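Novice: Take this structure, written in structure tokens, and hold onto it; I'll ask about it next.
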Amino acid sequence: MRKSAAVIVLFLVSAAAAGQPKLWTLDECIAHALENNSSIRQQIIETRIMSNNLSQSKLKLLPTLSGSGSYNLSFGRILDETTYDFYDNEQVTSGSLYAGSSLTLFNGLVSYNRILRSRYELEASEGALGILRNDITLNVLHNYLQVLLSKELITIAAAQLAATREQEVHTSAMVNAGRLTQGSLLDIEAQAAREELHLVSMQNQHRISLLSLAHLLNLDTAGGFDISAPPEDTAGEATLPPDAESVYTAALQWWPALKKAEAMVDIAGSDLKIAKGQQSPKLMVSSAFSTGFADTRRRLLNNDPANPVYGFYPPADQLTDNIRYGVGFNLSVPVLNGWQTRTGIRNSGLELMKQELAAVEARKELLREISLISADAQAALKRRDAAGRSAAAAREAFSYAGQRFRAGDMTSSEYSTVKTFLLAAESELLQAEFQYIFSVKMLGFYSGSMQPGATVMKR
């Protein structure tokens with residue numbers, strides 16, 4: 001009996017533990033989003049294709065080799081390949097073998113530059129993959145902090161409503177004692193209704209934030225989804241954020257958008273070299289081997305030219321006797337093709353200039369983004385300090401107002417006004433704090449301290 005009771009208790013404890021929702025950390029959210037995002041999975045496939053193309057461009061340097069064989073049956077009028085006489089209603093069996101190979105010895109380094117182009121295409125694809133990972137990581141970070149902010153706003157709103165409920169009880173007692181009018185109680189009740197509505201609004205906003213984050217994580221359902229509060233963050237300390245110049249210098253070493261822009265410049269440079277290589281002569285070497293047999297052929301059995309005697313010629317002997325092979329060289333020199341090569345060179349040069357300008361703009365855009373985030377962080381730090389002082393003063397004022405209200409020296413309307421100021425000050429402080437944390441984390445992300453890890457697509 002005791003054993004059965006123990007089993008039941010263990011089962012209930014396990015069931016209760018299993019029913020608790022998983023609390024996701026920021027790192028878990030980012031990792032899950034990177035692993036399951038469909039756009040990232042598609043780009044991973046594209047990167048694999050580029051890798052295959054690079055391997056194929058290298059293999060094109062190898063000689064080509066092809067072979068063929070045939071076996072044929074024919075009926076009707078045939079030609080005797082020995083005597084060159086014609087015979088009717090005959091059946092002929094024949095066959096042949098062929099093998100050929102060719103190798104490009106020189107083509108203006110076009111093949112080599114195509115290998116380089118494939119390598120740069122792979123780098124550009126990896127850069128595009130990095131851009132997607134960056135976007136997903138930053139979106140998850142932003143939504144994660146929004147969820148945390150909404151949680152804190154709910155806490156503040158709930159605390160304000162609880163204080164109003166206490167105020168409502170105290171006012172009711174004072175009204176019953178004749179020290180306050182019924183209108184004061186009605187004002188407090190109206191204030192409590194407004195704060196309850198505000199709390200419901202904050203709770204709804206929190207649910208929306210959770211749904212947005214769950215959508216980013218590509219979860220099948222948002223039911224039971226919640227996040228864990230992070231440990232005390234150093235971003236909350238009263239320190240200045242890193243300067244924009246140092247963050248920009250670090251970002252230059254790894255930022256995917258720059259890597260892609262630089263790869264596009266290299267691709268355009270390779271295209272220009274390929275276009276110029278089309279002006280060069282092309283030298284190729286080729287070789288061939290062939291043999292065959294036919295039962296219309298007969299073997300000469302004597303050495304008498306006046307009375308030659310022919311007999312059966314075995315196919316195996318024919319295959320050996322009919323072997324032919326050779327080596328040849330082919331040199332082609334472009335002379336005139338309607339100026340297509342010249343036009344291609346000019347267009348490739350212009351494309352190179354365009355991509356170089358795009359790379360310069362990418363660097364400028366990166367510096368602009370970092371400068372704006374750095375400015376936001378510094379402004380958020382000042383705003384947080386000012387909001388902290390304002391919230392501290394509002395708490396002191398609220399505490400003093402509470403004493404006056406309980407003593408009957410302040411009306412409920414005046415007390416509610418002071419409490420409203422406190423709510424606004426605490427909300428402002430909280431938003432400034434989260435804005436500062438977000439800006440500092442963004443700067444850390446740009447500097448490379450929070451780079452998204454590589455993800456491997458599951459088959």
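Going through the structure tokens in order, the chains are called A, B, and so on, while each chain numbers its residues from 1 and the ligands are numbered from 1 in the order shown.
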When DSSP works through the backbone of this structure, what residues of stretch 216-434 of chain A end up as helix (DSSP H, G or I), shown as a compact mmCIF listing (two decimals) with N, CA and C atoms, in the first residue's frame?
Specialist:
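The resulting file, selection.txt, is shown below:
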# COMPACT_ATOMS: atom_id res chain seq x y z
N LEU A 216 8.67 34.49 -34.82
CA LEU A 216 10.06 34.58 -35.28
C LEU A 216 10.80 33.26 -35.07
N THR A 234 25.07 43.82 -17.26
CA THR A 234 26.03 44.91 -17.05
C THR A 234 25.61 46.17 -17.78
N ALA A 235 24.69 46.01 -18.75
CA ALA A 235 24.22 47.20 -19.47
C ALA A 235 23.47 48.14 -18.54
N GLY A 236 23.00 47.62 -17.44
CA GLY A 236 22.28 48.47 -16.51
C GLY A 236 23.19 49.36 -15.70
N ALA A 244 31.54 54.78 -31.26
CA ALA A 244 31.16 54.30 -32.59
C ALA A 244 32.38 53.90 -33.42
N GLU A 245 33.49 54.61 -33.27
CA GLU A 245 34.68 54.33 -34.09
C GLU A 245 35.24 52.95 -33.81
N SER A 246 35.35 52.57 -32.54
CA SER A 246 35.89 51.26 -32.21
C SER A 246 34.94 50.14 -32.65
N VAL A 247 33.64 50.36 -32.52
CA VAL A 247 32.68 49.37 -32.98
C VAL A 247 32.75 49.21 -34.49
N TYR A 248 32.89 50.33 -35.21
CA TYR A 248 32.99 50.29 -36.67
C TYR A 248 34.24 49.55 -37.11
N THR A 249 35.36 49.79 -36.44
CA THR A 249 36.60 49.10 -36.78
C THR A 249 36.45 47.59 -36.60
N ALA A 250 35.79 47.18 -35.52
CA ALA A 250 35.57 45.75 -35.30
C ALA A 250 34.60 45.17 -36.32
N ALA A 251 33.57 45.93 -36.67
CA ALA A 251 32.57 45.43 -37.61
C ALA A 251 33.15 45.23 -39.00
N PRO A 256 28.66 40.83 -42.52
CA PRO A 256 28.34 40.08 -43.74
C PRO A 256 28.00 40.96 -44.94
N ALA A 257 27.33 42.08 -44.71
CA ALA A 257 26.97 42.94 -45.84
C ALA A 257 28.22 43.46 -46.53
N LEU A 258 29.27 43.76 -45.75
CA LEU A 258 30.54 44.19 -46.36
C LEU A 258 31.20 43.04 -47.09
N LYS A 259 31.18 41.85 -46.49
CA LYS A 259 31.79 40.69 -47.14
C LYS A 259 31.11 40.41 -48.47
N LYS A 260 29.79 40.53 -48.50
CA LYS A 260 29.08 40.30 -49.75
C LYS A 260 29.42 41.37 -50.77
N ALA A 261 29.48 42.64 -50.33
CA ALA A 261 29.80 43.73 -51.26
C ALA A 261 31.21 43.55 -51.83
N GLU A 262 32.16 43.14 -50.99
CA GLU A 262 33.52 42.91 -51.48
C GLU A 262 33.57 41.73 -52.44
N ALA A 263 32.77 40.70 -52.16
CA ALA A 263 32.72 39.54 -53.07
C ALA A 263 32.13 39.94 -54.41
N MET A 264 31.14 40.83 -54.40
CA MET A 264 30.55 41.29 -55.66
C MET A 264 31.56 42.09 -56.48
N VAL A 265 32.43 42.84 -55.81
CA VAL A 265 33.51 43.55 -56.52
C VAL A 265 34.45 42.53 -57.16
N ASP A 266 34.81 41.49 -56.42
CA ASP A 266 35.71 40.46 -56.97
C ASP A 266 35.06 39.72 -58.13
N ILE A 267 33.76 39.47 -58.04
CA ILE A 267 33.05 38.81 -59.15
C ILE A 267 33.11 39.68 -60.40
N ALA A 268 32.85 40.98 -60.23
CA ALA A 268 32.91 41.88 -61.38
C ALA A 268 34.33 41.95 -61.95
N GLY A 269 35.34 41.94 -61.08
CA GLY A 269 36.72 41.93 -61.56
C GLY A 269 37.04 40.66 -62.34
N SER A 270 36.53 39.52 -61.89
CA SER A 270 36.74 38.27 -62.61
C SER A 270 36.04 38.30 -63.96
N ASP A 271 34.84 38.86 -63.99
CA ASP A 271 34.12 38.97 -65.27
C ASP A 271 34.90 39.81 -66.27
N LEU A 272 35.55 40.87 -65.79
CA LEU A 272 36.36 41.71 -66.68
C LEU A 272 37.55 40.93 -67.22
N LYS A 273 38.20 40.16 -66.39
CA LYS A 273 39.34 39.35 -66.86
C LYS A 273 38.88 38.27 -67.83
N ILE A 274 37.72 37.68 -67.58
CA ILE A 274 37.18 36.67 -68.49
C ILE A 274 36.87 37.30 -69.85
N ALA A 275 36.27 38.50 -69.80
CA ALA A 275 35.96 39.19 -71.06
C ALA A 275 37.22 39.51 -71.86
N LYS A 276 38.27 39.95 -71.17
CA LYS A 276 39.53 40.23 -71.86
C LYS A 276 40.16 38.95 -72.39
N GLY A 277 39.98 37.85 -71.66
CA GLY A 277 40.54 36.58 -72.11
C GLY A 277 39.92 36.08 -73.39
N PRO A 315 35.74 -11.38 -86.41
CA PRO A 315 35.55 -10.01 -85.89
C PRO A 315 36.65 -9.57 -84.92
N ALA A 316 37.14 -10.48 -84.08
CA ALA A 316 38.20 -10.10 -83.14
C ALA A 316 39.45 -9.65 -83.87
N ASP A 317 39.79 -10.38 -84.99
CA ASP A 317 40.96 -9.97 -85.77
C ASP A 317 40.72 -8.63 -86.45
N GLN A 318 39.48 -8.42 -86.90
CA GLN A 318 39.16 -7.14 -87.54
C GLN A 318 39.33 -5.98 -86.55
N LEU A 319 38.85 -6.19 -85.31
CA LEU A 319 38.98 -5.14 -84.31
C LEU A 319 40.44 -4.78 -84.06
N THR A 320 41.30 -5.79 -84.10
CA THR A 320 42.73 -5.54 -83.88
C THR A 320 43.36 -4.88 -85.10
N ASP A 321 43.03 -5.40 -86.29
CA ASP A 321 43.66 -4.89 -87.51
C ASP A 321 43.19 -3.50 -87.90
N GLN A 340 31.50 42.17 -80.30
CA GLN A 340 30.89 41.66 -79.08
C GLN A 340 31.89 41.55 -77.94
N THR A 341 33.11 41.14 -78.26
CA THR A 341 34.12 41.02 -77.20
C THR A 341 34.46 42.38 -76.63
N ARG A 342 34.66 43.38 -77.51
CA ARG A 342 34.97 44.73 -77.03
C ARG A 342 33.83 45.29 -76.18
N THR A 343 32.61 45.09 -76.63
CA THR A 343 31.47 45.58 -75.86
C THR A 343 31.39 44.87 -74.50
N GLY A 344 31.65 43.56 -74.50
CA GLY A 344 31.65 42.82 -73.24
C GLY A 344 32.70 43.34 -72.28
N ILE A 345 33.88 43.71 -72.79
CA ILE A 345 34.94 44.25 -71.92
C ILE A 345 34.51 45.58 -71.33
N ARG A 346 33.93 46.44 -72.18
CA ARG A 346 33.50 47.75 -71.68
C ARG A 346 32.40 47.60 -70.62
N ASN A 347 31.42 46.75 -70.89
CA ASN A 347 30.33 46.56 -69.92
C ASN A 347 30.84 45.95 -68.62
N SER A 348 31.79 45.01 -68.71
CA SER A 348 32.35 44.41 -67.50
C SER A 348 33.11 45.45 -66.69
N GLY A 349 33.81 46.36 -67.37
CA GLY A 349 34.51 47.43 -66.67
C GLY A 349 33.55 48.36 -65.94
N LEU A 350 32.42 48.67 -66.60
CA LEU A 350 31.42 49.52 -65.96
C LEU A 350 30.78 48.81 -64.77
N GLU A 351 30.54 47.50 -64.91
CA GLU A 351 29.97 46.74 -63.80
C GLU A 351 30.93 46.73 -62.61
N LEU A 352 32.21 46.64 -62.88
CA LEU A 352 33.20 46.67 -61.80
C LEU A 352 33.16 48.01 -61.08
N MET A 353 33.06 49.10 -61.83
CA MET A 353 32.96 50.42 -61.21
C MET A 353 31.71 50.53 -60.35
N LYS A 354 30.59 49.98 -60.84
CA LYS A 354 29.34 50.04 -60.09
C LYS A 354 29.45 49.28 -58.78
N GLN A 355 30.05 48.10 -58.82
CA GLN A 355 30.18 47.30 -57.60
C GLN A 355 31.16 47.94 -56.62
N GLU A 356 32.19 48.59 -57.12
CA GLU A 356 33.12 49.30 -56.22
C GLU A 356 32.40 50.44 -55.51
N LEU A 357 31.54 51.16 -56.23
CA LEU A 357 30.76 52.23 -55.60
C LEU A 357 29.79 51.65 -54.57
N ALA A 358 29.20 50.50 -54.90
CA ALA A 358 28.28 49.86 -53.95
C ALA A 358 29.00 49.44 -52.68
N ALA A 359 30.26 48.97 -52.81
CA ALA A 359 31.03 48.58 -51.63
C ALA A 359 31.34 49.79 -50.76
N VAL A 360 31.66 50.92 -51.40
CA VAL A 360 31.91 52.15 -50.64
C VAL A 360 30.65 52.58 -49.89
N GLU A 361 29.50 52.49 -50.57
CA GLU A 361 28.24 52.86 -49.93
C GLU A 361 27.90 51.91 -48.77
N ALA A 362 28.26 50.63 -48.93
CA ALA A 362 28.00 49.67 -47.85
C ALA A 362 28.80 50.04 -46.60
N ARG A 363 30.04 50.47 -46.79
CA ARG A 363 30.85 50.89 -45.63
C ARG A 363 30.26 52.15 -44.99
N LYS A 364 29.83 53.09 -45.83
CA LYS A 364 29.22 54.31 -45.30
C LYS A 364 27.94 53.99 -44.53
N GLU A 365 27.14 53.08 -45.08
CA GLU A 365 25.89 52.71 -44.42
C GLU A 365 26.16 52.04 -43.08
N LEU A 366 27.18 51.19 -43.05
CA LEU A 366 27.54 50.55 -41.78
C LEU A 366 27.95 51.58 -40.74
N LEU A 367 28.78 52.53 -41.13
CA LEU A 367 29.21 53.58 -40.20
C LEU A 367 28.01 54.42 -39.75
N ARG A 368 27.10 54.70 -40.67
CA ARG A 368 25.92 55.50 -40.32
C ARG A 368 25.06 54.76 -39.30
N GLU A 369 24.83 53.45 -39.53
CA GLU A 369 24.01 52.67 -38.60
C GLU A 369 24.64 52.63 -37.21
N ILE A 370 25.94 52.39 -37.16
CA ILE A 370 26.62 52.31 -35.87
C ILE A 370 26.60 53.66 -35.17
N SER A 371 26.79 54.74 -35.93
CA SER A 371 26.78 56.08 -35.33
C SER A 371 25.41 56.40 -34.74
N LEU A 372 24.35 56.02 -35.47
CA LEU A 372 22.99 56.29 -34.96
C LEU A 372 22.72 55.48 -33.69
N ILE A 373 23.12 54.20 -33.69
CA ILE A 373 22.88 53.37 -32.51
C ILE A 373 23.69 53.89 -31.33
N SER A 374 24.93 54.32 -31.59
CA SER A 374 25.75 54.87 -30.52
C SER A 374 25.13 56.14 -29.95
N ALA A 375 24.61 56.98 -30.85
CA ALA A 375 23.95 58.21 -30.39
C ALA A 375 22.70 57.88 -29.58
N ASP A 376 21.95 56.86 -30.05
CA ASP A 376 20.76 56.44 -29.30
C ASP A 376 21.14 55.92 -27.92
N ALA A 377 22.23 55.18 -27.85
CA ALA A 377 22.67 54.63 -26.56
C ALA A 377 23.05 55.74 -25.59
N GLN A 378 23.78 56.73 -26.09
CA GLN A 378 24.18 57.84 -25.22
C GLN A 378 22.96 58.65 -24.78
N ALA A 379 22.03 58.86 -25.72
CA ALA A 379 20.81 59.60 -25.36
C ALA A 379 19.97 58.79 -24.37
N ALA A 380 19.91 57.46 -24.59
CA ALA A 380 19.14 56.62 -23.67
C ALA A 380 19.76 56.60 -22.28
N LEU A 381 21.09 56.67 -22.21
CA LEU A 381 21.75 56.71 -20.91
C LEU A 381 21.39 57.99 -20.16
N LYS A 382 21.44 59.12 -20.87
CA LYS A 382 21.05 60.39 -20.25
C LYS A 382 19.58 60.39 -19.88
N ARG A 383 18.76 59.82 -20.78
CA ARG A 383 17.33 59.76 -20.50
C ARG A 383 17.06 58.86 -19.29
N ARG A 384 17.82 57.77 -19.19
CA ARG A 384 17.63 56.87 -18.05
C ARG A 384 18.01 57.55 -16.74
N ASP A 385 19.13 58.30 -16.76
CA ASP A 385 19.55 58.99 -15.54
C ASP A 385 18.52 60.04 -15.11
N ALA A 386 18.03 60.80 -16.12
CA ALA A 386 17.02 61.82 -15.80
C ALA A 386 15.73 61.18 -15.33
N ALA A 387 15.33 60.06 -16.00
CA ALA A 387 14.11 59.37 -15.60
C ALA A 387 14.26 58.75 -14.22
N GLY A 388 15.46 58.33 -13.87
CA GLY A 388 15.71 57.77 -12.54
C GLY A 388 15.52 58.82 -11.47
N ARG A 389 16.04 60.01 -11.74
CA ARG A 389 15.87 61.09 -10.76
C ARG A 389 14.39 61.48 -10.65
N SER A 390 13.72 61.50 -11.82
CA SER A 390 12.30 61.85 -11.80
C SER A 390 11.48 60.80 -11.06
N ALA A 391 11.80 59.52 -11.27
CA ALA A 391 11.06 58.45 -10.58
C ALA A 391 11.32 58.49 -9.08
N ALA A 392 12.56 58.77 -8.68
CA ALA A 392 12.87 58.85 -7.26
C ALA A 392 12.09 59.98 -6.60
N ALA A 393 12.04 61.13 -7.30
CA ALA A 393 11.28 62.25 -6.75
C ALA A 393 9.79 61.93 -6.69
N ALA A 394 9.28 61.22 -7.71
CA ALA A 394 7.86 60.86 -7.74
C ALA A 394 7.54 59.89 -6.62
N ARG A 395 8.47 58.97 -6.29
CA ARG A 395 8.23 58.04 -5.19
C ARG A 395 8.16 58.78 -3.86
N GLU A 396 9.06 59.74 -3.68
CA GLU A 396 9.04 60.53 -2.45
C GLU A 396 7.74 61.32 -2.34
N ALA A 397 7.33 61.88 -3.49
CA ALA A 397 6.09 62.66 -3.48
C ALA A 397 4.89 61.78 -3.20
N PHE A 398 4.92 60.56 -3.76
CA PHE A 398 3.80 59.64 -3.54
C PHE A 398 3.75 59.18 -2.08
N SER A 399 4.92 58.93 -1.51
CA SER A 399 4.96 58.52 -0.12
C SER A 399 4.42 59.62 0.80
N TYR A 400 4.84 60.86 0.52
CA TYR A 400 4.35 61.99 1.33
C TYR A 400 2.85 62.21 1.12
N ALA A 401 2.40 62.03 -0.16
CA ALA A 401 0.97 62.20 -0.45
C ALA A 401 0.14 61.15 0.27
N GLY A 402 0.68 59.93 0.38
CA GLY A 402 -0.03 58.88 1.08
C GLY A 402 -0.24 59.23 2.55
N GLN A 403 0.79 59.82 3.15
CA GLN A 403 0.66 60.22 4.55
C GLN A 403 -0.40 61.31 4.71
N ARG A 404 -0.38 62.29 3.79
CA ARG A 404 -1.36 63.37 3.86
C ARG A 404 -2.77 62.86 3.61
N PHE A 405 -2.87 61.88 2.62
CA PHE A 405 -4.20 61.37 2.30
C PHE A 405 -4.80 60.60 3.48
N ARG A 406 -3.98 59.78 4.12
CA ARG A 406 -4.48 59.02 5.27
C ARG A 406 -4.83 59.93 6.45
N ALA A 407 -4.12 61.08 6.50
CA ALA A 407 -4.43 62.04 7.57
C ALA A 407 -5.63 62.92 7.22
N SER A 412 -8.90 62.72 -2.61
CA SER A 412 -8.60 61.53 -3.40
C SER A 412 -8.18 61.90 -4.81
N SER A 413 -8.74 63.00 -5.34
CA SER A 413 -8.36 63.44 -6.69
C SER A 413 -6.90 63.87 -6.72
N GLU A 414 -6.47 64.63 -5.71
CA GLU A 414 -5.08 65.06 -5.65
C GLU A 414 -4.14 63.86 -5.47
N TYR A 415 -4.58 62.91 -4.64
CA TYR A 415 -3.77 61.71 -4.41
C TYR A 415 -3.63 60.89 -5.70
N SER A 416 -4.70 60.78 -6.45
CA SER A 416 -4.67 60.02 -7.71
C SER A 416 -3.74 60.70 -8.73
N THR A 417 -3.74 62.04 -8.70
CA THR A 417 -2.85 62.77 -9.62
C THR A 417 -1.39 62.47 -9.31
N VAL A 418 -1.04 62.46 -8.02
CA VAL A 418 0.34 62.16 -7.64
C VAL A 418 0.69 60.73 -8.04
N LYS A 419 -0.25 59.81 -7.84
CA LYS A 419 0.01 58.41 -8.20
C LYS A 419 0.16 58.24 -9.71
N THR A 420 -0.61 59.01 -10.47
CA THR A 420 -0.50 58.96 -11.93
C THR A 420 0.89 59.44 -12.38
N PHE A 421 1.37 60.50 -11.73
CA PHE A 421 2.72 60.98 -12.04
C PHE A 421 3.76 59.91 -11.74
N LEU A 422 3.58 59.18 -10.66
CA LEU A 422 4.52 58.12 -10.30
C LEU A 422 4.50 57.00 -11.35
N LEU A 423 3.31 56.62 -11.79
CA LEU A 423 3.21 55.59 -12.82
C LEU A 423 3.91 56.03 -14.10
N ALA A 424 3.69 57.27 -14.49
CA ALA A 424 4.33 57.77 -15.70
C ALA A 424 5.84 57.81 -15.56
N ALA A 425 6.33 58.21 -14.39
CA ALA A 425 7.77 58.30 -14.17
C ALA A 425 8.42 56.92 -14.17
N GLU A 426 7.78 55.96 -13.52
CA GLU A 426 8.34 54.61 -13.50
C GLU A 426 8.31 53.97 -14.89
N SER A 427 7.25 54.20 -15.64
CA SER A 427 7.17 53.69 -17.01
C SER A 427 8.25 54.31 -17.89
N GLU A 428 8.45 55.60 -17.73
CA GLU A 428 9.49 56.29 -18.50
C GLU A 428 10.87 55.75 -18.16
N LEU A 429 11.12 55.52 -16.88
CA LEU A 429 12.41 54.97 -16.45
C LEU A 429 12.61 53.58 -17.03
N LEU A 430 11.58 52.77 -16.98
CA LEU A 430 11.69 51.40 -17.48
C LEU A 430 11.96 51.39 -18.98
N GLN A 431 11.26 52.21 -19.74
CA GLN A 431 11.47 52.25 -21.18
C GLN A 431 12.86 52.78 -21.52
N ALA A 432 13.32 53.77 -20.79
CA ALA A 432 14.66 54.29 -21.02
C ALA A 432 15.71 53.23 -20.71
N GLU A 433 15.49 52.46 -19.64
CA GLU A 433 16.43 51.40 -19.28
C GLU A 433 16.51 50.34 -20.38
N PHE A 434 15.35 49.92 -20.88
CA PHE A 434 15.36 48.90 -21.92
C PHE A 434 15.91 49.44 -23.24
Novice: Go through stretch 54-151 of chain A and collect every residue that DSSP, computed from the backbone, puts in strand (DSSP E); the answer should be as a PyMOL selection string.
Specialist: chain A and resi 64-79+86-106
Novice: What does the file look like for those residues with N, CA and C atoms, as an mmCIF file, in the first residue's frame?
Specialist:
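Saved result, out_16.cif, follows:
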data_model
loop_
_atom_site.group_PDB
_atom_site.id
_atom_site.type_symbol
_atom_site.label_atom_id
_atom_site.label_comp_id
_atom_site.auth_asym_id
_atom_site.auth_seq_id
_atom_site.Cartn_x
_atom_site.Cartn_y
_atom_site.Cartn_z
ATOM 1 N N THR A 64 38.736 16.182 -71.291
ATOM 2 C CA THR A 64 37.474 15.507 -71.554
ATOM 3 C C THR A 64 37.762 14.142 -72.164
ATOM 4 N N LEU A 65 36.913 13.190 -71.880
ATOM 5 C CA LEU A 65 37.075 11.845 -72.425
ATOM 6 C C LEU A 65 35.698 11.292 -72.724
ATOM 7 N N SER A 66 35.518 10.823 -73.946
ATOM 8 C CA SER A 66 34.222 10.266 -74.345
ATOM 9 C C SER A 66 34.460 9.000 -75.156
ATOM 10 N N GLY A 67 33.532 8.130 -75.136
ATOM 11 C CA GLY A 67 33.633 6.881 -75.887
ATOM 12 C C GLY A 67 32.279 6.437 -76.379
ATOM 13 N N SER A 68 32.282 5.617 -77.396
ATOM 14 C CA SER A 68 31.026 5.107 -77.941
ATOM 15 C C SER A 68 31.266 3.747 -78.567
ATOM 16 N N GLY A 69 30.234 2.975 -78.681
ATOM 17 C CA GLY A 69 30.296 1.669 -79.331
ATOM 18 C C GLY A 69 28.969 1.370 -79.992
ATOM 19 N N SER A 70 28.998 0.589 -81.050
ATOM 20 C CA SER A 70 27.769 0.270 -81.766
ATOM 21 C C SER A 70 27.813 -1.168 -82.270
ATOM 22 N N TYR A 71 26.636 -1.751 -82.390
ATOM 23 C CA TYR A 71 26.477 -3.089 -82.960
ATOM 24 C C TYR A 71 25.224 -3.056 -83.820
ATOM 25 N N ASN A 72 25.353 -3.404 -85.106
ATOM 26 C CA ASN A 72 24.270 -3.185 -86.050
ATOM 27 C C ASN A 72 23.973 -4.457 -86.852
ATOM 28 N N LEU A 73 22.701 -4.615 -87.173
ATOM 29 C CA LEU A 73 22.229 -5.646 -88.087
ATOM 30 C C LEU A 73 21.512 -4.956 -89.239
ATOM 31 N N SER A 74 21.863 -5.337 -90.473
ATOM 32 C CA SER A 74 21.206 -4.756 -91.648
ATOM 33 C C SER A 74 20.855 -5.865 -92.635
ATOM 34 N N PHE A 75 19.828 -5.618 -93.418
ATOM 35 C CA PHE A 75 19.315 -6.634 -94.337
ATOM 36 C C PHE A 75 19.090 -6.015 -95.709
ATOM 37 N N GLY A 76 19.204 -6.871 -96.762
ATOM 38 C CA GLY A 76 18.935 -6.425 -98.122
ATOM 39 C C GLY A 76 20.184 -6.389 -98.972
ATOM 40 N N ARG A 77 20.263 -5.435 -99.861
ATOM 41 C CA ARG A 77 21.383 -5.302 -100.793
ATOM 42 C C ARG A 77 22.600 -4.786 -100.036
ATOM 43 N N ILE A 78 23.728 -5.479 -100.185
ATOM 44 C CA ILE A 78 24.933 -5.085 -99.455
ATOM 45 C C ILE A 78 26.113 -5.032 -100.420
ATOM 46 N N LEU A 79 27.157 -4.337 -99.934
ATOM 47 C CA LEU A 79 28.394 -4.225 -100.702
ATOM 48 C C LEU A 79 29.467 -5.065 -100.031
ATOM 49 N N PHE A 86 28.199 -6.334 -105.336
ATOM 50 C CA PHE A 86 26.926 -6.178 -104.632
ATOM 51 C C PHE A 86 26.195 -7.505 -104.598
ATOM 52 N N TYR A 87 25.517 -7.771 -103.446
ATOM 53 C CA TYR A 87 24.722 -8.986 -103.273
ATOM 54 C C TYR A 87 23.364 -8.590 -102.696
ATOM 55 N N ASP A 88 22.344 -9.323 -103.144
ATOM 56 C CA ASP A 88 20.978 -9.038 -102.695
ATOM 57 C C ASP A 88 20.552 -10.014 -101.602
ATOM 58 N N ASN A 89 19.582 -9.538 -100.808
ATOM 59 C CA ASN A 89 18.971 -10.361 -99.762
ATOM 60 C C ASN A 89 20.010 -10.980 -98.820
ATOM 61 N N GLU A 90 20.864 -10.126 -98.309
ATOM 62 C CA GLU A 90 21.898 -10.570 -97.380
ATOM 63 C C GLU A 90 21.666 -9.951 -95.998
ATOM 64 N N GLN A 91 22.253 -10.589 -94.991
ATOM 65 C CA GLN A 91 22.218 -10.059 -93.624
ATOM 66 C C GLN A 91 23.641 -9.685 -93.218
ATOM 67 N N VAL A 92 23.810 -8.484 -92.706
ATOM 68 C CA VAL A 92 25.143 -7.982 -92.373
ATOM 69 C C VAL A 92 25.187 -7.625 -90.889
ATOM 70 N N THR A 93 26.235 -8.100 -90.232
ATOM 71 C CA THR A 93 26.508 -7.735 -88.845
ATOM 72 C C THR A 93 27.763 -6.882 -88.804
ATOM 73 N N SER A 94 27.696 -5.717 -88.107
ATOM 74 C CA SER A 94 28.855 -4.825 -88.028
ATOM 75 C C SER A 94 28.897 -4.156 -86.658
ATOM 76 N N GLY A 95 30.027 -3.637 -86.308
ATOM 77 C CA GLY A 95 30.186 -2.940 -85.034
ATOM 78 C C GLY A 95 31.373 -2.018 -85.074
ATOM 79 N N SER A 96 31.433 -1.070 -84.118
ATOM 80 C CA SER A 96 32.546 -0.126 -84.064
ATOM 81 C C SER A 96 32.765 0.334 -82.630
ATOM 82 N N LEU A 97 33.984 0.770 -82.368
ATOM 83 C CA LEU A 97 34.355 1.356 -81.078
ATOM 84 C C LEU A 97 35.062 2.672 -81.324
ATOM 85 N N TYR A 98 34.788 3.668 -80.426
ATOM 86 C CA TYR A 98 35.429 4.983 -80.571
ATOM 87 C C TYR A 98 35.710 5.559 -79.194
ATOM 88 N N ALA A 99 36.845 6.209 -79.060
ATOM 89 C CA ALA A 99 37.199 6.950 -77.845
ATOM 90 C C ALA A 99 37.936 8.213 -78.251
ATOM 91 N N GLY A 100 37.588 9.325 -77.617
ATOM 92 C CA GLY A 100 38.227 10.594 -77.932
ATOM 93 C C GLY A 100 38.471 11.418 -76.680
ATOM 94 N N SER A 101 39.484 12.257 -76.714
ATOM 95 C CA SER A 101 39.831 13.107 -75.573
ATOM 96 C C SER A 101 40.333 14.437 -76.078
ATOM 97 N N SER A 102 40.077 15.490 -75.285
ATOM 98 C CA SER A 102 40.565 16.821 -75.650
ATOM 99 C C SER A 102 40.950 17.578 -74.389
ATOM 100 N N LEU A 103 41.873 18.509 -74.546
ATOM 101 C CA LEU A 103 42.366 19.303 -73.420
ATOM 102 C C LEU A 103 42.695 20.693 -73.907
ATOM 103 N N THR A 104 42.180 21.699 -73.176
ATOM 104 C CA THR A 104 42.502 23.089 -73.506
ATOM 105 C C THR A 104 43.851 23.442 -72.893
ATOM 106 N N LEU A 105 44.806 23.786 -73.738
ATOM 107 C CA LEU A 105 46.136 24.156 -73.260
ATOM 108 C C LEU A 105 46.211 25.624 -72.862
ATOM 109 N N PHE A 106 45.511 26.474 -73.607
ATOM 110 C CA PHE A 106 45.547 27.911 -73.291
ATOM 111 C C PHE A 106 44.297 28.563 -73.866
#
Novice: Quick one: residues within 9 Å of A:Ser55, only C-alpha atoms, excluding same-chain residues fewer than 4 positions away - as a list of chain:residue names?
Specialist: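 What passes the distance filter is A:Met50, A:Ser51, A:Leu59, A:Lys60, A:Ile115, A:Ser118.
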Novice: Can you tell me which residues surround stretch 156-167 of chain A at a distance of at most 8 Å, considering only C-alpha atoms, apart from same-chain residues fewer than 4 positions away, and format the answer as a list in words?
Specialist: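 Within the cut-off, the hits are Glu152, Thr171, Ile188, Gln191, Ala192, Glu195, Glu196, His198, Leu199, Met202, Lys419, Leu423, Glu426 and Ser427 of chain A.
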